Each structure stands twice: as C-alpha cells, then as structure tokens.
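J.: Below is the structure I would like to discuss, written out as structure tokens.
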Amino acid sequence: YDVDSGEVTVGGEDVRNMTCDSLLRNISMVFQKVYLFHDTIENNIRMGNTRATMKEVEQAARNAGIHEVIQALPQGYQTVVGRDDAYLSGGEKQRTAVARALINHPLLILADEPTGALDSETSVQIMELLKEIAQDKLVVMVTHNPDLAERYSTRIVRLLDGEVKGDTDPFDP
C-alpha cells in the first residue's frame with residue numbers, strides 16, 4: 001500500500017519510484033516458521049542469492065553463527081536437510097534462515113516473530129544475533145513480545161488497528 005502522507009525510502013530512494021524487483025533485492029525476510037527445502041544446506045542458504053559463491057555462502061553462515069554447526073554435519077555444506085531436519089535444532093534452522101537473508105546483502109531485514117517457535121535461551125541468542133546485524137543494517141522486527149522488543153530494539157513502534165499508537169525509544173528513561 002502507498003503511504004497516505006510522507007514517504008517510505010529504502011537506500012534513500014522512495015519505494016514508489018522503485019520496481020518490485022529492485023525493492024525486493026534490498027529486503028530479506030526471516031520468519032517465525034523456518035522452511036528448509038529438501039536440498040543441501042548450501043543450497044538452502046544460497047536461495048537468498050542464487051549467484052552467490054561458496055565463499056559468500058560460508059561468510060553468510062559465519063555471520064549468522066551457523067558455520068561451525070554446518071561443518072560438523074555428516075557432509076558439511078552438502079548435507080541434505082528439509083524433510084525431517086534431523087540434523088538441525090530450531091535455533092540452528094533459524095540461524096540458517098538468517099544466513100539466507102544475509103547472503104543477499106540487503107539494506108533491510110524484516111524479522112517476523114523470529115523467536116516465536118524457540119525456547120528462551122535460543123530466543124536470546126537469535127535476538128543477540130539480530131542486534132549485532134542491526135549495527136550495519138536496518139532490522140525491522142514484528143513481535144507480540146514486549147519484553148523482547150524493549151530489550152533489543154532501539155526504536156519501538158506500536159500499532160493498533162492499523163494506526164501508529166506509540167513511537168518510543170526504549171532506552172530513553
């Protein structure tokens with residue numbers, strides 16, 4: 001939907017002046033429910049950028065904190081996952097999804113309930129990872145968990161019935 005007033009920009013350009021393809025090249029998504037395709041873990045990460053080199057795949061995995069886990073799998077990056085995900089925990093699947101998002105080198109990462117299906121310890125690890133990524137990328141997180149939002153966000157926008165009901169800095173007393 002177009003905005004009623006003002007503008008939404010990505011990389012300094014108004015999204016209304018961008019093609020859908022150019023806009024989507026700048027955005028990656030991490031969802032609550034991670035879907036891994038029945039393929040190698042390398043190809044599951046590479047789906048974020050099908051032209052990525054193996055070096056880029058490994059760097060994205062390192063940045064997502066999953067490289068060492070992948071290295072320990074029976075066939076490393078060539079291990080097939082996706083049917084029963086017997087080799088990966090929920091947090092490891094989520095880190096794989098983060099690597100898939102990072103390999104595209106997006107300006108913005110949209111994280112929709114990225115910890116909703118994880119235990120509390122893994123949730124903290126994923127949030128710490130997203131906080132680290134937010135040092136040089138815009139990470140927009142959608143969550144129903146106010147504690148996570150307040151602990152890991154630099155700005156919180158509250159929506160109610162489609163309208164902004166609050167825009168706060170959680171670190172400002």
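Order determines the names: the first chain of the structure tokens is A, the second B, and so forth; residues in each chain are numbered 1 upward, and ligands are numbered 1 upward as they are shown.
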Counting only C-alpha atoms, what is within 6 Å of range 31-48 of chain A, bar same-chain residues fewer than 6 positions away, as a list in words?
T.: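 The contact residues come out as Tyr77, Gln78, Thr79, Val80, Val81, Gly82, Arg83, Arg100, Ala101, Ile103, Asn104, Ala111, Asp112, Glu113, Pro114 and Gly116 of chain A.
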J.: In Å, how far is it from CA of Leu24 in chain A to CA of Leu110 in chain A?
T.: 11.3 Å
J.: Go ahead and compute the interatomic distance for CA of Thr122 in chain A and CA of Gly91 in chain A, in Å to one decimal.
T.: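 So the two atoms, CA of Thr122 in chain A and CA of Gly91 in chain A, lie 5.8 Å apart.
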J.: Residues near His105 in chain A, anyone? I mean within 12 Å using only C-alpha atoms, not counting same-chain ones fewer than 5 positions away, as an MDAnalysis selection string.
T.: chainID A and resid 24:29 48:49 52 56:57 59:60 63 98:100 133 136:138
J.: Rounded to one decimal, what separation in Å do you get between CA of Gly90 in chain A and CA of Ala117 in chain A?
T.: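 Computing it gives 7.5 Å between the two atoms.
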J.: Find, counting only C-alpha atoms, the residue in A:Arg51, A:Arg151, A:Arg62, A:Lys165 that gets nearest to Leu102 in chain A.
T.: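 Looking only at the distances to Leu102 in chain A, the closest residue turns out to be A:Arg62.
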J.: For the helix (DSSP H, G or I) assignment from backbone DSSP, which residues of chain A qualify? Please present them as JSON, numbers by chain.
T.: {"A": [15, 16, 17, 20, 21, 22, 23, 24, 41, 42, 43, 44, 45, 46, 54, 55, 56, 57, 58, 59, 60, 61, 62, 63, 67, 68, 69, 70, 71, 76, 77, 78, 90, 91, 92, 93, 94, 95, 96, 97, 98, 99, 100, 101, 102, 120, 121, 122, 123, 124, 125, 126, 127, 128, 129, 130, 131, 132, 133, 146, 147, 148, 149, 150, 151, 152]}
J.: Quick one: residues within 8 Å of Leu130 in chain A, only C-alpha atoms counted, chain neighbours fewer than 4 positions away excluded, as a PDB file with N, CA, C and O atoms, in the first residue's frame?
T.:
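The new file result.pdb reads:
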```
ATOM      1  N   ILE A 126      19.230 -15.682  19.236  1.00  0.00           N
ATOM      2  CA  ILE A 126      18.785 -15.142  17.947  1.00  0.00           C
ATOM      3  C   ILE A 126      18.625 -13.622  18.042  1.00  0.00           C
ATOM      4  O   ILE A 126      19.016 -12.882  17.130  1.00  0.00           O
ATOM      5  N   ALA A 134      22.058  -5.532  13.209  1.00  0.00           N
ATOM      6  CA  ALA A 134      21.484  -4.189  13.128  1.00  0.00           C
ATOM      7  C   ALA A 134      22.537  -3.087  13.260  1.00  0.00           C
ATOM      8  O   ALA A 134      22.224  -1.912  13.084  1.00  0.00           O
ATOM      9  N   VAL A 139      17.076  -3.544  10.805  1.00  0.00           N
ATOM     10  CA  VAL A 139      16.322  -4.749  11.128  1.00  0.00           C
ATOM     11  C   VAL A 139      14.991  -4.292  11.695  1.00  0.00           C
ATOM     12  O   VAL A 139      14.944  -3.585  12.702  1.00  0.00           O
TER      13      VAL A 139
END
```
